[in-house]
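J.: Handing you this structure, nothing more for now.
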Amino acid sequence: MPWDRNQMAARAAQELEDGMYVNLGIGIPTLVANYVGDKDITLQSENGMLGMGPFPYEGEEDPDLINAGKQTITELSRTSYFDSAQSFAMIRGGKIAAAILGAMEVAENGDLANWMIPGKLVKGMGGAMDLVAGVGKVIVVMDHTSKHGESKVLKECTLPLTGKGVVDRIITNLGVLDVVPGGLKIVEVADGVTEAELRAATEATIV
Amino acid sequence: MKKVYGSAKEALDGLLFDGMLIAAGGFGLCGIPELLIAAIRDAGTKDITVASNNAGVDGFGLGQLLETRQIKKMISSYVGENAEFMRQYLSGELELEFNPQGTLAERMRAGGAGIPGFYTKTGVGTVIAEGKEHKDFDGQTYILERGIVADLSIVKAWKADDTGNLVFRKTARNFNPPAATCGKVCVAEVEEIVPRGSLDPDKIHLPGIYVHRIIKGTQEKRIENRTTRKREEA
């Protein structure tokens, strides 16, 4: 059985080490926060907050306290607030150890596409281009193939890029791959998935 | 110098003109200058370019100025919450310049700080870099981005004193300080104006030098994406 969303998030949480400052994207990456366990992780929200807490209880929502997905959240005893310029100074300046984010396509050279499908609705890149250009490690969490069964792990991205050569590690429902010189290296295969299945679902060169 | 005005309309008097560039604070609907936006709608100013991270939602925030077709161009990082925006953009009625969020914030900060341009790694190798100067520093490639100087900044803060010192609240700070600094004139709307001397000088987020006019008002402070968790049953 391939990993489900929660298992992918739990696997991604293993990438995080005690003391890290981390930015989590929208979707499966948000679930990673549920699996950090006892590790001392500080979550950054790029709209201007370090130390992001859980969602508020009903009736305790504060319109002045949201995350980058515009969801109501809460603060922690360690929380600090700052403006958007400061927020992206710490992102661009390499102070954030890792970003975990979703993707539409990843290529074997680390190219990432996750913000735009030409001819379809154009929403914008938000902070994704800044994050992938600036943080220490970029970890992509996504399904290995599209709804139509086509590989999302490609030799070359077909969609407009979010960043060039920026991805370090890819965690999918089928396993974990690292971007290395010459292509991708299989780090791990999901329980119940064979390496042959992982290779068959991957268009990129596996070295 | 008197900075406190009686209403959003009075505070904007003499500052609005067709074809102007306005920088607006806010992230989503959090910390947006909603009363000033409504007053610009009522003033009917046309062909405005707005530099703002988002474009509001249908009928609220900057979405109001889209409905009235007062905006000619948006400079934003994310506009996904606004159907009217999409309609106008796809039909060619509205211009759109996408900026990565951190690049937009830094363009405002730089513009307000007297820095006409800066180099950044963000967007290298993407469509954002097309047509921009590339330069290598220490073996890495960067692109040149320009500072923004706006004709007018509109921002929302929590508290002000009558000299324009501002304090923001939680994540409603967001783009407000950089937007405030990049305007030739800055108008701030706040929830409370407190007596001079009652703000701790060490806890002022934006010094009054950047703020020219202030109004106190009652904002709706709409929540865009209300998300909660269940209480544990006792």
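Chain lettering (A, B, ...) mirrors the order of the structure tokens, residue numbering begins at 1 for each chain separately, and ligand numbering begins at 1 in order of display.
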Would you give me, as an mmCIF file with N, CA and C atoms, in the first residue's frame, the residues of chain B that come within 7 Å of chain A, using only C-alpha atoms?
T.:
data_model
loop_
_atom_site.group_PDB
_atom_site.id
_atom_site.type_symbol
_atom_site.label_atom_id
_atom_site.label_comp_id
_atom_site.auth_asym_id
_atom_site.auth_seq_id
_atom_site.Cartn_x
_atom_site.Cartn_y
_atom_site.Cartn_z
ATOM 1 N N PHE B 27 -2.656 41.361 4.571
ATOM 2 C CA PHE B 27 -2.365 40.022 4.031
ATOM 3 C C PHE B 27 -3.695 39.290 4.024
ATOM 4 N N GLY B 28 -4.171 38.896 2.847
ATOM 5 C CA GLY B 28 -5.543 38.398 2.783
ATOM 6 C C GLY B 28 -6.467 39.521 3.235
ATOM 7 N N CYS B 30 -6.540 40.275 6.480
ATOM 8 C CA CYS B 30 -6.007 40.557 7.811
ATOM 9 C C CYS B 30 -5.175 41.839 7.771
ATOM 10 N N GLY B 31 -5.591 42.822 8.577
ATOM 11 C CA GLY B 31 -4.832 44.071 8.635
ATOM 12 C C GLY B 31 -4.951 44.922 7.397
ATOM 13 N N SER B 77 1.242 39.216 -5.087
ATOM 14 C CA SER B 77 1.853 37.878 -5.128
ATOM 15 C C SER B 77 0.818 36.774 -5.227
ATOM 16 N N TYR B 78 -0.416 37.059 -4.783
ATOM 17 C CA TYR B 78 -1.425 35.995 -4.772
ATOM 18 C C TYR B 78 -2.814 36.615 -4.866
ATOM 19 N N VAL B 79 -3.580 36.200 -5.856
ATOM 20 C CA VAL B 79 -4.888 36.822 -6.088
ATOM 21 C C VAL B 79 -5.997 35.776 -6.196
ATOM 22 N N GLY B 80 -5.747 34.616 -5.608
ATOM 23 C CA GLY B 80 -6.621 33.473 -5.840
ATOM 24 C C GLY B 80 -7.995 33.529 -5.219
ATOM 25 N N PHE B 98 2.753 39.964 -11.311
ATOM 26 C CA PHE B 98 3.019 39.082 -10.185
ATOM 27 C C PHE B 98 4.413 39.356 -9.632
ATOM 28 N N PRO B 100 6.932 37.853 -6.473
ATOM 29 C CA PRO B 100 7.053 36.951 -5.316
ATOM 30 C C PRO B 100 6.830 37.769 -4.035
ATOM 31 N N GLN B 101 6.211 37.123 -3.049
ATOM 32 C CA GLN B 101 5.784 37.867 -1.860
ATOM 33 C C GLN B 101 6.933 38.623 -1.164
ATOM 34 N N GLY B 102 8.072 37.947 -1.019
ATOM 35 C CA GLY B 102 9.198 38.590 -0.352
ATOM 36 C C GLY B 102 9.801 39.697 -1.204
ATOM 37 N N ALA B 105 7.508 42.709 -0.721
ATOM 38 C CA ALA B 105 7.754 43.351 0.579
ATOM 39 C C ALA B 105 9.054 44.142 0.562
ATOM 40 N N GLU B 106 10.086 43.541 -0.037
ATOM 41 C CA GLU B 106 11.389 44.216 -0.077
ATOM 42 C C GLU B 106 11.378 45.405 -1.027
ATOM 43 N N ARG B 109 9.951 48.045 1.119
ATOM 44 C CA ARG B 109 10.926 48.452 2.146
ATOM 45 C C ARG B 109 12.040 49.287 1.522
ATOM 46 N N LYS B 121 17.993 36.481 -5.125
ATOM 47 C CA LYS B 121 18.014 35.163 -5.760
ATOM 48 C C LYS B 121 16.605 34.713 -6.142
ATOM 49 N N THR B 122 15.608 35.293 -5.462
ATOM 50 C CA THR B 122 14.227 34.858 -5.675
ATOM 51 C C THR B 122 13.813 35.034 -7.134
ATOM 52 N N GLY B 123 13.364 33.959 -7.749
ATOM 53 C CA GLY B 123 12.835 34.038 -9.107
ATOM 54 C C GLY B 123 13.848 33.787 -10.203
ATOM 55 N N GLY B 125 15.785 32.025 -12.913
ATOM 56 C CA GLY B 125 15.441 30.830 -13.690
ATOM 57 C C GLY B 125 13.945 30.654 -13.899
ATOM 58 N N THR B 126 13.140 31.639 -13.493
ATOM 59 C CA THR B 126 11.685 31.570 -13.683
ATOM 60 C C THR B 126 11.232 32.743 -14.557
ATOM 61 N N ARG B 169 -1.042 44.700 15.696
ATOM 62 C CA ARG B 169 -1.445 43.588 16.557
ATOM 63 C C ARG B 169 -1.287 42.263 15.793
ATOM 64 N N LYS B 170 -0.504 41.369 16.377
ATOM 65 C CA LYS B 170 -0.300 40.009 15.887
ATOM 66 C C LYS B 170 0.025 39.991 14.380
ATOM 67 N N THR B 171 -0.567 39.061 13.631
ATOM 68 C CA THR B 171 -0.189 38.975 12.212
ATOM 69 C C THR B 171 -0.885 40.026 11.343
ATOM 70 N N ALA B 172 -1.615 40.955 11.973
ATOM 71 C CA ALA B 172 -2.182 42.069 11.192
ATOM 72 C C ALA B 172 -1.104 43.106 10.856
ATOM 73 N N ARG B 173 0.125 42.874 11.319
ATOM 74 C CA ARG B 173 1.209 43.804 10.971
ATOM 75 C C ARG B 173 1.574 43.616 9.496
ATOM 76 N N ASN B 174 1.931 42.403 9.145
ATOM 77 C CA ASN B 174 2.257 41.958 7.774
ATOM 78 C C ASN B 174 2.860 43.038 6.858
ATOM 79 N N PHE B 175 2.172 43.400 5.784
ATOM 80 C CA PHE B 175 2.728 44.351 4.816
ATOM 81 C C PHE B 175 2.569 45.813 5.245
ATOM 82 N N PRO B 177 3.871 47.884 7.726
ATOM 83 C CA PRO B 177 5.042 48.756 7.862
ATOM 84 C C PRO B 177 5.785 49.025 6.549
ATOM 85 N N PRO B 178 6.130 47.990 5.759
ATOM 86 C CA PRO B 178 6.820 48.336 4.508
ATOM 87 C C PRO B 178 5.962 49.183 3.564
ATOM 88 N N LYS B 221 -13.167 43.809 10.166
ATOM 89 C CA LYS B 221 -12.162 42.752 10.419
ATOM 90 C C LYS B 221 -12.703 41.363 10.088
ATOM 91 N N ARG B 222 -13.068 41.208 8.846
ATOM 92 C CA ARG B 222 -13.655 39.945 8.398
ATOM 93 C C ARG B 222 -12.616 38.813 8.416
ATOM 94 N N ILE B 223 -13.050 37.622 8.782
ATOM 95 C CA ILE B 223 -12.168 36.435 8.754
ATOM 96 C C ILE B 223 -12.395 35.692 7.435
ATOM 97 N N GLU B 224 -11.291 35.424 6.738
ATOM 98 C CA GLU B 224 -11.391 34.826 5.404
ATOM 99 C C GLU B 224 -11.555 33.310 5.478
ATOM 100 N N ASN B 225 -10.856 32.679 6.397
ATOM 101 C CA ASN B 225 -10.808 31.210 6.427
ATOM 102 C C ASN B 225 -10.854 30.755 7.884
ATOM 103 N N ARG B 226 -12.049 30.778 8.437
ATOM 104 C CA ARG B 226 -12.227 30.439 9.851
ATOM 105 C C ARG B 226 -11.954 28.950 10.054
ATOM 106 N N THR B 227 -10.919 28.629 10.821
ATOM 107 C CA THR B 227 -10.536 27.240 11.049
ATOM 108 C C THR B 227 -10.405 27.030 12.552
ATOM 109 N N THR B 228 -11.039 25.997 13.057
ATOM 110 C CA THR B 228 -11.008 25.764 14.501
ATOM 111 C C THR B 228 -10.705 24.293 14.781
ATOM 112 N N ARG B 229 -10.450 23.992 16.040
ATOM 113 C CA ARG B 229 -10.339 22.583 16.455
ATOM 114 C C ARG B 229 -11.410 22.324 17.507
ATOM 115 N N LYS B 230 -11.743 21.078 17.651
ATOM 116 C CA LYS B 230 -12.765 20.668 18.633
ATOM 117 C C LYS B 230 -12.166 20.662 20.035
ATOM 118 N N ARG B 231 -12.946 21.084 20.991
ATOM 119 C CA ARG B 231 -12.525 20.932 22.385
ATOM 120 C C ARG B 231 -12.594 19.461 22.763
#
J.: Write out as an MDAnalysis selection string which residues come within 10 Å of region 13-21 of chain B when counting only C-alpha atoms, dropping same-chain ones fewer than 6 positions away.
T.: chainID B and resid 7 40 43:51 70:74 148:153 183 185:187
J.: Kindly save the residues from that selection, with N, CA, C and O atoms included, as a CSV table (one decimal), in the first residue's frame.
T.:
chain,number,residue,atom,x,y,z
B,7,SER,N,-12.4,61.7,9.5
B,7,SER,CA,-13.0,60.5,8.7
B,7,SER,C,-12.0,60.1,7.6
B,7,SER,O,-11.1,60.9,7.3
B,40,ILE,N,-11.9,55.5,-0.9
B,40,ILE,CA,-11.3,55.6,-2.3
B,40,ILE,C,-12.4,55.2,-3.3
B,40,ILE,O,-12.6,55.8,-4.3
B,43,ALA,N,-14.7,58.0,-3.5
B,43,ALA,CA,-14.1,59.2,-4.2
B,43,ALA,C,-14.1,59.0,-5.7
B,43,ALA,O,-14.0,60.0,-6.5
B,44,GLY,N,-14.2,57.7,-6.2
B,44,GLY,CA,-14.3,57.5,-7.6
B,44,GLY,C,-13.0,57.6,-8.4
B,44,GLY,O,-13.0,57.7,-9.6
B,45,THR,N,-11.8,57.7,-7.7
B,45,THR,CA,-10.5,57.8,-8.4
B,45,THR,C,-10.3,56.7,-9.4
B,45,THR,O,-10.6,55.5,-9.1
B,46,LYS,N,-9.8,57.0,-10.6
B,46,LYS,CA,-9.7,56.0,-11.6
B,46,LYS,C,-8.3,55.6,-12.0
B,46,LYS,O,-7.4,56.3,-11.7
B,47,ASP,N,-8.2,54.5,-12.8
B,47,ASP,CA,-6.9,54.1,-13.3
B,47,ASP,C,-5.8,53.9,-12.3
B,47,ASP,O,-4.7,54.3,-12.5
B,48,ILE,N,-6.2,53.4,-11.1
B,48,ILE,CA,-5.2,53.3,-10.0
B,48,ILE,C,-4.4,52.0,-10.2
B,48,ILE,O,-4.9,51.0,-10.7
B,49,THR,N,-3.1,52.1,-9.9
B,49,THR,CA,-2.3,50.9,-9.8
B,49,THR,C,-2.1,50.7,-8.3
B,49,THR,O,-1.8,51.6,-7.5
B,50,VAL,N,-2.4,49.4,-7.9
B,50,VAL,CA,-2.3,49.1,-6.4
B,50,VAL,C,-1.2,48.1,-6.2
B,50,VAL,O,-1.3,47.0,-6.9
B,51,ALA,N,-0.3,48.4,-5.4
B,51,ALA,CA,0.7,47.4,-4.9
B,51,ALA,C,0.2,46.9,-3.6
B,51,ALA,O,0.2,47.6,-2.6
B,70,GLN,N,-12.1,50.7,-10.7
B,70,GLN,CA,-11.2,51.8,-10.5
B,70,GLN,C,-9.7,51.4,-10.6
B,70,GLN,O,-8.8,52.3,-10.6
B,71,ILE,N,-9.5,50.1,-10.5
B,71,ILE,CA,-8.1,49.6,-10.6
B,71,ILE,C,-7.7,49.3,-12.0
B,71,ILE,O,-8.4,48.5,-12.6
B,72,LYS,N,-6.6,49.8,-12.4
B,72,LYS,CA,-6.1,49.5,-13.8
B,72,LYS,C,-5.1,48.4,-13.7
B,72,LYS,O,-5.0,47.5,-14.6
B,73,LYS,N,-4.3,48.3,-12.6
B,73,LYS,CA,-3.3,47.3,-12.5
B,73,LYS,C,-3.0,47.0,-11.1
B,73,LYS,O,-3.1,47.8,-10.2
B,74,MET,N,-2.8,45.6,-10.8
B,74,MET,CA,-2.4,45.2,-9.5
B,74,MET,C,-1.0,44.6,-9.5
B,74,MET,O,-0.6,44.0,-10.5
B,148,ILE,N,9.9,50.3,-4.8
B,148,ILE,CA,8.6,51.0,-5.1
B,148,ILE,C,8.5,52.2,-4.3
B,148,ILE,O,8.6,52.2,-3.0
B,149,VAL,N,8.2,53.3,-4.9
B,149,VAL,CA,7.8,54.6,-4.3
B,149,VAL,C,6.4,54.9,-4.7
B,149,VAL,O,6.1,55.1,-5.9
B,150,ALA,N,5.4,54.9,-3.8
B,150,ALA,CA,4.0,55.0,-4.1
B,150,ALA,C,3.6,56.5,-3.9
B,150,ALA,O,4.2,57.2,-3.1
B,151,ASP,N,2.6,56.9,-4.7
B,151,ASP,CA,2.0,58.3,-4.5
B,151,ASP,C,1.4,58.3,-3.1
B,151,ASP,O,1.3,59.4,-2.5
B,152,LEU,N,0.8,57.2,-2.7
B,152,LEU,CA,0.0,57.2,-1.4
B,152,LEU,C,0.2,55.8,-0.8
B,152,LEU,O,0.1,54.8,-1.5
B,153,SER,N,0.3,55.7,0.5
B,153,SER,CA,0.3,54.5,1.2
B,153,SER,C,-1.0,54.5,2.1
B,153,SER,O,-1.3,55.5,2.7
B,183,GLY,N,5.4,55.1,0.8
B,183,GLY,CA,4.5,56.2,0.2
B,183,GLY,C,5.0,57.6,0.4
B,183,GLY,O,5.7,57.9,1.4
B,185,VAL,N,3.1,59.9,0.8
B,185,VAL,CA,2.2,60.3,1.9
B,185,VAL,C,1.6,59.0,2.4
B,185,VAL,O,1.3,58.1,1.6
B,186,CYS,N,1.5,58.9,3.7
B,186,CYS,CA,0.9,57.7,4.3
B,186,CYS,C,-0.3,58.0,5.2
B,186,CYS,O,-0.2,58.9,6.1
B,187,VAL,N,-1.4,57.4,4.9
B,187,VAL,CA,-2.6,57.6,5.7
B,187,VAL,C,-2.8,56.2,6.5
B,187,VAL,O,-2.9,55.2,5.8
J.: Between CA of Ile171 (chain A) and CA of Gln7 (chain A), what is the spacing in Å?
T.: 10.4 Å
J.: Set the distance at 10 Å and use only C-alpha atoms: which residues neighbour Gln64 (chain B) once local chain neighbours fewer than 5 positions away are removed? I'd like the list as an MDAnalysis selection string.
T.: chainID B and resid 34 37:38 40:41 55:59 69:71 84
J.: From a DSSP pass on the backbone, collect the residues of region 145-182 of chain B flagged as alpha helix (DSSP H) and hand them back as a list in words.
T.: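 Those residues are Asn176, Pro177, Pro178, Ala179, Ala180 and Thr181 of chain B.
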J.: Output all heavy atoms for every residue in the selection just made, as a compact mmCIF listing (two decimals), in the first residue's frame.
T.:
# COMPACT_ATOMS: atom_id res chain seq x y z
N ASN B 176 1.92 46.07 6.37
CA ASN B 176 1.63 47.46 6.71
C ASN B 176 2.87 48.34 6.93
O ASN B 176 2.93 49.42 6.35
CB ASN B 176 0.67 47.51 7.91
CG ASN B 176 -0.75 47.21 7.50
OD1 ASN B 176 -1.36 47.95 6.73
ND2 ASN B 176 -1.30 46.09 7.97
N PRO B 177 3.87 47.88 7.73
CA PRO B 177 5.04 48.76 7.86
C PRO B 177 5.79 49.03 6.55
O PRO B 177 6.03 50.20 6.23
CB PRO B 177 5.91 48.03 8.90
CG PRO B 177 4.91 47.25 9.71
CD PRO B 177 3.89 46.78 8.70
N PRO B 178 6.13 47.99 5.76
CA PRO B 178 6.82 48.34 4.51
C PRO B 178 5.96 49.18 3.56
O PRO B 178 6.48 50.11 2.91
CB PRO B 178 7.17 46.98 3.88
CG PRO B 178 6.46 45.94 4.67
CD PRO B 178 6.11 46.53 6.00
N ALA B 179 4.65 48.91 3.51
CA ALA B 179 3.78 49.73 2.65
C ALA B 179 3.77 51.17 3.14
O ALA B 179 3.86 52.11 2.34
CB ALA B 179 2.36 49.15 2.62
N ALA B 180 3.70 51.35 4.45
CA ALA B 180 3.65 52.71 5.00
C ALA B 180 4.89 53.51 4.61
O ALA B 180 4.80 54.69 4.25
CB ALA B 180 3.53 52.66 6.53
N THR B 181 6.05 52.85 4.68
CA THR B 181 7.29 53.60 4.45
C THR B 181 7.50 53.99 2.99
O THR B 181 8.20 54.95 2.71
CB THR B 181 8.53 52.79 4.90
OG1 THR B 181 8.64 51.61 4.11
CG2 THR B 181 8.43 52.43 6.38
J.: What does the distance between CA of Ala11 (chain B) and CA of Tyr210 (chain B) come to in Å, to one decimal place?
T.: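 Value for the CA of Ala11 (chain B)-CA of Tyr210 (chain B) distance: 15.2 Å.
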J.: Go through region 52-215 of chain B and collect every residue that DSSP, computed from the backbone, puts in strand (DSSP E or B); the answer should be as a compact mmCIF listing (two decimals) with N, CA, C and O atoms, in the first residue's frame.
T.:
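Result saved to states.txt:
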# COMPACT_ATOMS: atom_id res chain seq x y z
N VAL B 57 -11.34 40.14 -1.47
CA VAL B 57 -12.28 39.13 -1.97
C VAL B 57 -13.42 39.87 -2.66
O VAL B 57 -13.49 41.09 -2.59
N PHE B 60 -15.28 42.93 -0.90
CA PHE B 60 -14.68 43.41 0.34
C PHE B 60 -13.19 43.68 0.14
O PHE B 60 -12.51 43.00 -0.62
N ILE B 71 -9.46 50.11 -10.50
CA ILE B 71 -8.08 49.64 -10.55
C ILE B 71 -7.71 49.25 -11.98
O ILE B 71 -8.39 48.47 -12.63
N LYS B 72 -6.59 49.83 -12.43
CA LYS B 72 -6.08 49.51 -13.77
C LYS B 72 -5.09 48.35 -13.71
O LYS B 72 -5.04 47.52 -14.60
N LYS B 73 -4.32 48.34 -12.62
CA LYS B 73 -3.25 47.34 -12.52
C LYS B 73 -3.02 46.95 -11.07
O LYS B 73 -3.06 47.81 -10.19
N MET B 74 -2.77 45.65 -10.85
CA MET B 74 -2.40 45.16 -9.52
C MET B 74 -0.97 44.64 -9.55
O MET B 74 -0.56 43.99 -10.50
N ILE B 75 -0.22 44.96 -8.50
CA ILE B 75 1.10 44.36 -8.27
C ILE B 75 0.95 43.52 -7.01
O ILE B 75 0.79 44.05 -5.91
N SER B 76 0.92 42.19 -7.17
CA SER B 76 0.53 41.29 -6.09
C SER B 76 1.30 39.99 -6.17
O SER B 76 1.89 39.66 -7.20
N GLU B 95 -4.66 44.80 -15.66
CA GLU B 95 -3.27 44.37 -15.76
C GLU B 95 -2.83 43.77 -14.44
O GLU B 95 -3.30 44.18 -13.38
N LEU B 96 -1.91 42.82 -14.53
CA LEU B 96 -1.43 42.15 -13.33
C LEU B 96 0.06 41.95 -13.42
O LEU B 96 0.57 41.46 -14.42
N GLU B 97 0.77 42.38 -12.40
CA GLU B 97 2.21 42.11 -12.31
C GLU B 97 2.42 41.25 -11.09
O GLU B 97 2.27 41.71 -9.96
N PHE B 98 2.75 39.96 -11.31
CA PHE B 98 3.02 39.08 -10.18
C PHE B 98 4.41 39.36 -9.63
O PHE B 98 5.38 39.41 -10.38
N GLY B 117 16.99 49.96 -6.03
CA GLY B 117 16.98 48.59 -6.55
C GLY B 117 17.82 47.69 -5.66
O GLY B 117 18.62 48.17 -4.86
N PHE B 118 17.59 46.39 -5.79
CA PHE B 118 18.37 45.44 -5.00
C PHE B 118 18.44 44.13 -5.78
O PHE B 118 17.61 43.85 -6.65
N TYR B 119 19.44 43.33 -5.47
CA TYR B 119 19.59 42.03 -6.12
C TYR B 119 19.05 40.93 -5.21
O TYR B 119 19.29 40.95 -4.01
N THR B 120 18.33 39.99 -5.81
CA THR B 120 17.78 38.87 -5.04
C THR B 120 17.88 37.59 -5.84
O THR B 120 17.83 37.60 -7.08
N HIS B 134 20.71 40.37 -14.69
CA HIS B 134 21.25 39.29 -13.88
C HIS B 134 22.68 39.64 -13.49
O HIS B 134 23.43 40.22 -14.29
N LYS B 135 23.06 39.30 -12.29
CA LYS B 135 24.43 39.58 -11.87
C LYS B 135 24.88 38.49 -10.90
O LYS B 135 24.11 38.05 -10.06
N ASP B 136 26.14 38.07 -11.05
CA ASP B 136 26.67 37.04 -10.17
C ASP B 136 27.43 37.68 -9.01
O ASP B 136 28.22 38.61 -9.21
N PHE B 137 27.18 37.19 -7.82
CA PHE B 137 27.94 37.57 -6.64
C PHE B 137 28.40 36.28 -5.97
O PHE B 137 27.57 35.41 -5.68
N GLN B 140 26.97 32.97 -7.21
CA GLN B 140 25.53 32.77 -7.30
C GLN B 140 24.91 33.86 -8.16
O GLN B 140 25.38 35.00 -8.15
N THR B 141 23.83 33.50 -8.89
CA THR B 141 23.18 34.47 -9.77
C THR B 141 22.00 35.14 -9.05
O THR B 141 21.23 34.47 -8.36
N TYR B 142 21.91 36.43 -9.25
CA TYR B 142 20.83 37.23 -8.65
C TYR B 142 20.19 38.08 -9.74
O TYR B 142 20.78 38.32 -10.79
N ILE B 143 18.95 38.54 -9.49
CA ILE B 143 18.31 39.47 -10.42
C ILE B 143 18.05 40.81 -9.72
O ILE B 143 17.91 40.87 -8.50
N LEU B 144 18.00 41.84 -10.56
CA LEU B 144 17.76 43.19 -10.04
C LEU B 144 16.26 43.45 -9.94
O LEU B 144 15.53 43.28 -10.91
N GLU B 145 15.82 43.85 -8.77
CA GLU B 145 14.42 44.27 -8.56
C GLU B 145 14.42 45.72 -8.12
O GLU B 145 15.33 46.17 -7.42
N ARG B 146 13.38 46.45 -8.49
CA ARG B 146 13.30 47.88 -8.20
C ARG B 146 12.54 48.17 -6.92
O ARG B 146 11.55 47.51 -6.63
N ALA B 150 5.43 54.85 -3.78
CA ALA B 150 4.02 55.04 -4.12
C ALA B 150 3.60 56.50 -3.91
O ALA B 150 4.19 57.21 -3.09
N LEU B 152 0.79 57.22 -2.68
CA LEU B 152 0.05 57.19 -1.42
C LEU B 152 0.16 55.80 -0.82
O LEU B 152 0.06 54.79 -1.53
N SER B 153 0.34 55.73 0.49
CA SER B 153 0.26 54.46 1.21
C SER B 153 -0.98 54.48 2.08
O SER B 153 -1.27 55.49 2.73
N ILE B 154 -1.69 53.37 2.10
CA ILE B 154 -2.83 53.23 3.02
C ILE B 154 -2.58 51.99 3.87
O ILE B 154 -2.31 50.91 3.34
N VAL B 155 -2.63 52.19 5.18
CA VAL B 155 -2.31 51.08 6.09
C VAL B 155 -3.31 51.03 7.25
O VAL B 155 -4.04 51.98 7.50
N LYS B 156 -3.28 49.89 7.92
CA LYS B 156 -4.15 49.66 9.08
C LYS B 156 -3.26 49.28 10.26
O LYS B 156 -2.42 48.39 10.13
N ALA B 157 -3.44 49.97 11.39
CA ALA B 157 -2.72 49.61 12.62
C ALA B 157 -3.73 49.42 13.74
O ALA B 157 -4.92 49.71 13.59
N TRP B 158 -3.23 48.95 14.87
CA TRP B 158 -4.10 48.73 16.03
C TRP B 158 -4.26 50.03 16.81
O TRP B 158 -5.35 50.54 16.99
N LYS B 159 -3.12 50.60 17.22
CA LYS B 159 -3.14 51.83 18.02
C LYS B 159 -2.20 52.87 17.42
O LYS B 159 -1.18 52.52 16.82
N ALA B 160 -2.56 54.12 17.61
CA ALA B 160 -1.68 55.22 17.24
C ALA B 160 -1.74 56.26 18.34
O ALA B 160 -2.73 56.33 19.08
N ASP B 161 -0.68 57.08 18.44
CA ASP B 161 -0.84 58.32 19.19
C ASP B 161 -1.00 59.44 18.18
O ASP B 161 -0.95 59.20 16.97
N LEU B 166 2.84 54.13 15.51
CA LEU B 166 1.88 53.04 15.31
C LEU B 166 2.30 51.76 16.03
O LEU B 166 3.49 51.42 16.10
N VAL B 167 1.29 51.06 16.52
CA VAL B 167 1.47 49.73 17.08
C VAL B 167 0.50 48.81 16.34
O VAL B 167 -0.68 49.14 16.17
N GLY B 183 5.35 55.15 0.79
CA GLY B 183 4.47 56.17 0.22
C GLY B 183 5.05 57.58 0.38
O GLY B 183 5.69 57.87 1.39
N CYS B 186 1.50 58.89 3.71
CA CYS B 186 0.92 57.69 4.29
C CYS B 186 -0.28 58.05 5.18
O CYS B 186 -0.15 58.91 6.06
N VAL B 187 -1.41 57.40 4.91
CA VAL B 187 -2.59 57.56 5.75
C VAL B 187 -2.83 56.23 6.46
O VAL B 187 -2.87 55.17 5.84
N ALA B 188 -2.99 56.31 7.79
CA ALA B 188 -3.21 55.10 8.59
C ALA B 188 -4.59 55.15 9.23
O ALA B 188 -5.02 56.19 9.73
N GLU B 189 -5.29 54.01 9.20
CA GLU B 189 -6.51 53.89 9.98
C GLU B 189 -6.23 52.96 11.15
O GLU B 189 -5.56 51.94 11.00
N VAL B 190 -6.74 53.33 12.32
CA VAL B 190 -6.43 52.57 13.54
C VAL B 190 -7.71 52.33 14.33
O VAL B 190 -8.73 52.97 14.10
N GLU B 191 -7.59 51.38 15.26
CA GLU B 191 -8.76 51.05 16.08
C GLU B 191 -8.86 51.97 17.29
O GLU B 191 -9.93 52.15 17.86
N GLU B 192 -7.72 52.56 17.66
CA GLU B 192 -7.71 53.39 18.85
C GLU B 192 -6.61 54.44 18.73
O GLU B 192 -5.49 54.12 18.32
N ILE B 193 -6.95 55.69 19.07
CA ILE B 193 -5.92 56.73 19.16
C ILE B 193 -5.73 57.04 20.64
O ILE B 193 -6.68 57.42 21.33
N VAL B 194 -4.52 56.82 21.12
CA VAL B 194 -4.26 56.97 22.56
C VAL B 194 -3.52 58.28 22.82
O VAL B 194 -2.89 58.84 21.91
N LEU B 206 6.15 51.25 14.29
CA LEU B 206 6.45 52.14 13.16
C LEU B 206 6.45 53.58 13.68
O LEU B 206 5.42 54.09 14.12
N ARG B 213 -1.19 61.12 8.13
CA ARG B 213 -2.58 61.34 8.52
C ARG B 213 -3.11 60.08 9.19
O ARG B 213 -2.76 58.97 8.78
N ILE B 214 -3.96 60.27 10.17
CA ILE B 214 -4.49 59.13 10.94
C ILE B 214 -6.00 59.31 11.11
O ILE B 214 -6.47 60.43 11.34
N ILE B 215 -6.72 58.21 11.02
CA ILE B 215 -8.12 58.22 11.43
C ILE B 215 -8.39 57.03 12.35
O ILE B 215 -7.77 55.98 12.23
J.: As a PyMOL selection string, please: the residues near Gly19 (chain A) (cut-off 9 Å, only C-alpha atoms, same-chain neighbours under 5 positions excluded).
T.: chain A and resi 39-42
J.: Could you tell me how far CA of Leu29 (chain B) sits from CA of Thr218 (chain B), in Å to one decimal place?
T.: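 Separating CA of Thr218 (chain B) from CA of Leu29 (chain B) is a distance of 15.0 Å.
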